[in-house]
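Undergrad: Here you go, one structure.
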Amino acid sequence: MPEAEWERLSSEAQREKGANWRRWGPYLAERQWGTVRESTAESDPWLNFTHEEATWRTYRWGEDGLLGICDRQCRLCFGLALWNENDPILKERLFGLTGPEGNHGEDVKEAYYYLDSTPTHSYMRALYKYPQAEFPYQHLREENARRSRQEPEYELTDTGIFDEKRYFDVQAEYAKATAEDVLIRITISNRGPEDAPLHLLPTWWFRNTWAWGPTLEKPEKKPSLTQIGPDEVHVKHETLGQYRIYVDAGPDGEQPTWMFTENETNTWRFEDPNSRRPSCKDAFHLSVVEEVDGVVNPTPSGTKAAPHFKCVVPAGQSVQFRLRLAPIDDLPVQPFGASFDDAFDQRIDEANRYAKSRVAPGLSVEEQMILRQADAGLLWTKQFYHYVIPRWLENKNNPKKDQGHPMPGQPSPRNADWGHLYNRNIISMPDKWEYPWYAAWDSAFHLIPFAKIDPFFAKDQAILFLREWYMHPNGQLPAYEWNFSDVNPPVHAWACWRVYQMTAAEGKPDRVFLERVFQKLLLNFTWWVNRKDIRGKHVFSGGFLGLDNIGIFDRSKPLPTGGHLEQADGTAWMAYFCSSMLSIAFELADGNPAYEDMASKFFEHYVSIAEAMNSLDGTGLWDEEDGFYYDHLHLNGRSIPLKIRSIVGLIPLLTVDVLFDRTMEKLPEFRKRMEWFLKFRPELAKFMTYMEHEPNGSDEGRRLLAIPTKERLLRMLRYLLDEDEFLSAYGIRSLSKYHEQHPFEYELNGEKLCVQYQPAESDSGLFGGNSNWRGPIWFPLNYLIIEALERYHQFYGNTMRVECPARSGKYMNLQEVADEIRKRLSKLFLANAEGDRPSYCRSDVLLSDPNWRDLVLFYEYFDAETGKGLGASHQTGWTALISPILDTLATRRHHKKTPQQPVEQPMPTEEHV
C-alpha cells in the first residue's frame with residue numbers, strides 16, 4: 001500500500017489528533033425505503049414505505065441517495081438529483097422491485113457501477129447510466145409481475161431504453177484535499193446521437209434527527225444550510241460542526257439557481273392532496289418537474305439545499321460541474337483555482353499507486369481491472385447502519401402515525417427479544433440496495449478481502465459484531481434485520497483467525513485483537529451448544545443456516561411433519577467452529593499456558609462432533625451406501641435420511657486441520673490429554689481422520705484431524721469433481737446436477753414436496769424467492785472448499801491424486817484441484833474467446849458498446865450452466881473473494897510452480913495451519 005494511504009489508515013487507527021480521513025465516505029445507503037427498520041413492527045416493510053413515498057416521506061433511521069456520500073454518522077448527506085425532462089419524478093434514488101413485485105424477489109432496476117476507491121476514500125469514482133427517454137417504472141413492474149418464477153427477471157437493459165446509446169453517463173468523483181476538505185467533480189457525457197437536455201441538482205441535506213422526539217441519543221438542535229453568497233452556503237450542525245459548501249459556475253459560465261427546503265415529510269400527501277405545503281422533502285421535485293410555485297423556501301435557508309443547473313449536453317460530448325465542502329477552520333482561498341485540479345490529480349495518482357500495490361506478480365491487465373473494481377465495490381458498499389430496537393418497538397417510527405395518520409395494531413414480537421441492540425456504525429454491507437442491512441455470515445466473508453485492502457477496518461468489523469450492543473447477552477450473533485434470532489453459519493471464528501493470519505504474514509501479528517475476539521467467541525460457541533444441540537448428542541439443528549431454500553422444508557420454522565432435523569451442515573459448521581477456536585487457542589498458548597486448557601477443550605469437542613456425525617451404530621449422518629452426508633428427519637422415533645446431494649453434505653469436507661508435533665511439544669498439558677485420547681479411544685480412527693501421521697515419509701511431524709476418513713474423503717471427492725454432479729464449468733454447484741433428472745420428493749399430507757436441480761433463479765417461494773441454493777454457484781462455500789482442499793494437500797501431498805474432472809483420465813493432487821476450481825470461478829469475469837464475460841447480464845448491443853463492456857458487476861450468485869450473474873447485482877461483499885482468487889492464480893503463473901501453502905491464506909508460523 002502506498003505510504004501516504006498507509007499513514008492515513010494508521011493515524012486513524014491510532015486515533016491521532018486531526019486524523020479524520022474516514023469521516024466522509026460512501027456511507028449513504030442506496031435504499032432506505034422498504035426496509036424493516038423504516039416500517040412499524042407489525043407492518044410489511046415492502047408495502048409500508050414505497051419507492052414513490054420515499055420522494056416525500058422522511059426517514060428515521062438513515063438516508064439514501066444516488067452516488068452519494070455522508071459523514072460516518074449520516075448527519076449531512078450529499079447525492080445527485082437528475083431530470084431528463086421526460087421522467088415523472090426527479091431521479092434522486094435508485095428504483096427497484098420489492099419482494100412481492102419481482103418474479104424472483106427484490107431486484108434493483110438500474111445501471112450503475114463502482115469504479116474506484118482508496119481505503120480512506122481520499123479518492124472515489126462511480127458511474128450511473130441515466131436514460132434520456134422516460135424511465136420505464138411502470139413497465140418494469142408490470143412485465144415482472146406478468147412473468148412466472150420459471151422465467152428470467154426482466155431488466156432495465158431489456159426494455160430498449162438504452163437503444164441507440166440514448167443515455168447519459170453520469171460520473172461522480174470525490175477527492176479530499178485534506179481529511180475533511182471534500183472536492184466533488186460531476187462529469188456528464190451524452191452517449192447518444194442527438195443533443196439532449198438535462199437538469200442537475202447536486203443536493204445537500206441533513207438526516208432528520210429533530211422531528212422524531214426523544215431517542216437514546218441526545219436531542220439535537222435543528223441544523224441549517226444558509227446561503228451567504230451566490231456560490232456559497234454555510235453549514236451549521238450541533239455535533240458535526242460548521243462547514244462551507246462552494247459551487248462553481250456551470251459549463252456555460254452561468255450561476256445555478258439555488259433552492260432550499262426542509263427535509264420533512266410532506267403531510268399534505270395523505271392529509272389534503274389538493275393543498276401544496278411549502279418547505280417539504282419533495283419541494284425540488286414539485287418545483288422542477290411539476291412547476292408548482294411557492295413550494296421552496298422563500299428565504300435561502302433550510303435543511304435541504306441544491307443548486308439547480310439546466311443545460312443541453314451536445315451529442316457525443318461531456319459537461320462538468322464542480323463543488324466543494326470545507327470545514328470552517330480550514331477554508332480554501334480559491335475554492336476552484338488550480339489547487340482544485342491539482343488535488344484531484346494527486347489523489348488519482350495515489351489511487352493508481354494504491355491499486356498497483358494490490359497487484360500480484362503475473363496479473364494480466366484485464367485481471368487488474370477486475371480486481372480494482374472488486375475492491376472499489378467492496379469499499380463503496382460500506383454503509384451507515386442505524387437501528388435501535390427499543391425505540392423502534394415503541395411504534396413511533398412512522399410519519400403517518402406521528403404526523404396525524406395513526407396506524408392500526410400493536411407492535412408484533414419481531415426482534416422484540418433483541419432489546420439490547422443499538423446499532424449505529426459504518427458496516428460493510430452485502431449490497432446497499434437489495435441488502436441495505438448486514439447478515440452475520442456475509443460480513444465474515446467480507447473480512448478476507450478487507451484484510452488486504454484495509455486491515456484496520458477488517459479487525460474493527462470483526463470485533464464489532466462481538467460487541468455487547470450487537471451480540472445478544474446469551475451469546476448469539478444477530479443474523480439479519482428481518483429476524484435477528486435466526487442463525488447464519490458460525491464462520492465468524494474462522495474469519496477472525498484468517499484476518500489475524502493474513503495481517504501476521506505481513507509482519508504485524510496482533511495478539512491483542514486475537515485475544516479480544518477469542519473471549520467473545522467463547523460466548524457464541526456456548527450459545528450454539530446450549531441452544532442448537534437438541535438431544536445433547538453433538539448433532540446440531542441450526543435453522544436455515546444461510547442456505548435459504550436448499551432443503552425440502554423451511555429449516556427456520558417448525559417442521560410441518562413434527563419432529564426435528566439433524567443437519568449435516570449445522571453439525572459440520574460446529575466442528576469447523578471448533579477447528580477455528582483450536583487454531584486460535586494454539587496461537588495464544590504460545591507464551592501463555594492458560595490457553596492450553598482451551599485447546600484441549602476444543603480438540604475434544606471436535607472429536608465428539610465427528611463421532612456423532614460418523615457414528616457406526618446407524619445414528620450418524622454418513623450414508624455408507626451413497627458415500628455422502630445427509631440431513632436426517634427424526635420423527636416418531638425414526639431417523640429418516642433426506643437423500644439430497646447438496647452442498648450441505650460437502651460442508652464436512654471443510655473441517656480439516658493440520659497440526660505439527662513440534663507445536664504440541666511446546667504444550668505439554670495439551671499433548672498429555674491428546675495422547676490419552678489416542679490411547680483409550682482407538683476406535684475413533686475407524687470413522688474419522690484422527691490425528692493421522694503424514695503418509696509421505698516427511699520428518700515434519702504433521703498430523704491430520706478431519707471428520708471424514710481418507711476413504712470417505714475420496715468417495716465425496718468423486719461427487720465434488722464430477723461434472724454431472726457438483727463440478728460446473730464455473731465452480732462448485734450448490735446442488736448436484738444429478739437431481740435434474742432425479743428430483744428428491746417427499747410426500748406430506750397428500751402433497752409432493754420436491755427439490756430439483758435449478759441452475760439459475762429459484763422457483764421456490766421460500767425466503768421471498770430471491771435466493772436459490774438449488775444449483776447455482778456461490779462464492780463463499782467455493783472459497784472454503786478451496787481452502788480445505790489445500791489443507792488436505794498440505795498433509796497428503798502427491799500421495800493423494802484424484803481424477804479431475806471425474807472420468808477424464810486426468811489426475812491431479814489436491815492443490816491442483818483447488819487451483820482448477822479457482823480457474824473455473826475466474827472464468828465468470830474474464831472475457832472468453834468471443835469477447836463475452838459469462839457473468840454479464842446484458843444484450844449484444846450493450847456488450848458491443850465500449851462504454852459498457854469493461855464494467856463489471858459482482859453478483860450474489862451465478863448460473864451454474866451459463867455463468868450468468870444472478871440475485872443482487874452489486875453483492876460485492878463475498879463475491880469480492882474473486883480478488884484473492886485472481887491473486888493466487890497470477891502468483892502461480894508468475895512462479896511457474898505450485899507452492900504448498902496457499903498464497904491468499906499466509907500463515908503466521910509454520911507450526912500450525
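By order in the C-alpha cells, chains are A, B, ...; within a chain, residues start at 1; ligands start at 1, following the order shown.
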May I have all residues of segment 489-713 of chain A that DSSP, computed from the backbone, assigns to helix (DSSP H, G or I), given as a PyMOL selection string?
TA: chain A and resi 492-505+511-532+568-589+593-613+647-654+661-665+668-680+682-686+710-713
Undergrad: Tell me, as a JSON list (two decimals) with N, CA and C atoms, in the first residue's frame, which residues lie within 8 Å of Asn524 of chain A, counting only C-alpha atoms; anything in the same chain fewer than 2 positions away does not count.
TA:
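Output contents, as saved in selection_4.json:
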[["chain", "number", "residue", "atom", "x", "y", "z"],
["A", 474, "ASN", "N", -27.07, -13.64, 25.61],
["A", 474, "ASN", "CA", -26.93, -15.10, 25.69],
["A", 474, "ASN", "C", -25.83, -15.64, 24.78],
["A", 475, "GLY", "N", -25.18, -14.76, 24.01],
["A", 475, "GLY", "CA", -24.07, -15.18, 23.16],
["A", 475, "GLY", "C", -24.39, -15.31, 21.69],
["A", 476, "GLN", "N", -25.64, -15.14, 21.29],
["A", 476, "GLN", "CA", -26.00, -15.27, 19.87],
["A", 476, "GLN", "C", -25.58, -14.02, 19.09],
["A", 477, "LEU", "N", -25.09, -14.23, 17.87],
["A", 477, "LEU", "CA", -24.83, -13.11, 16.97],
["A", 477, "LEU", "C", -26.11, -12.78, 16.21],
["A", 520, "LYS", "N", -14.92, -13.37, 23.30],
["A", 520, "LYS", "CA", -16.33, -13.22, 22.91],
["A", 520, "LYS", "C", -16.83, -14.42, 22.11],
["A", 521, "LEU", "N", -15.96, -15.00, 21.31],
["A", 521, "LEU", "CA", -16.35, -16.18, 20.54],
["A", 521, "LEU", "C", -16.68, -17.36, 21.44],
["A", 522, "LEU", "N", -16.05, -17.41, 22.61],
["A", 522, "LEU", "CA", -16.40, -18.44, 23.58],
["A", 522, "LEU", "C", -17.88, -18.35, 23.97],
["A", 526, "THR", "N", -20.75, -21.24, 23.18],
["A", 526, "THR", "CA", -21.59, -21.80, 24.24],
["A", 526, "THR", "C", -23.07, -21.66, 23.89],
["A", 527, "TRP", "N", -23.45, -20.55, 23.26],
["A", 527, "TRP", "CA", -24.85, -20.39, 22.84],
["A", 527, "TRP", "C", -25.24, -21.50, 21.86],
["A", 528, "TRP", "N", -24.38, -21.77, 20.90],
["A", 528, "TRP", "CA", -24.67, -22.83, 19.94],
["A", 528, "TRP", "C", -24.85, -24.18, 20.64]]
Undergrad: Compile the contact shell of Glu30 of chain A as a ChimeraX atom specification: residues with an atom at most 7 Å away, counting only C-alpha atoms, same-chain residues fewer than 4 positions apart removed.
TA: /A:64-66,93-94,432-433
Undergrad: Residues at most 10 Å from Ser839 of chain A, counting only C-alpha atoms, excluding those fewer than 6 positions away in the same chain, as a list in words?
TA: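 Once the adjacent positions are removed, what remains is Tyr730, Lys827, Leu828, Phe829, Leu830, Ala831, Val856, Leu857, Phe858, Tyr859, Tyr861, Phe862, Asp863, Thr866, Gly867, Lys868, Gly869 and Leu870 of chain A.
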Undergrad: Go through A:Pro193, A:Pro300, A:Pro430, A:Gly99 one by one, measure the shortest atom-to-atom distance of each to Ser224 of chain A using only C-alpha atoms, and give the residue with the smallest value.
TA: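 Residue with the minimum atom-to-atom distance to Ser224 of chain A: A:Pro300.
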Undergrad: A:Arg322, A:Lys557, A:His739, A:Arg893: which is nearest Asn483 of chain A, counting only C-alpha atoms?
TA: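 Nearest candidate to Asn483 of chain A out of A:Arg322, A:Lys557, A:His739, A:Arg893: A:Lys557.
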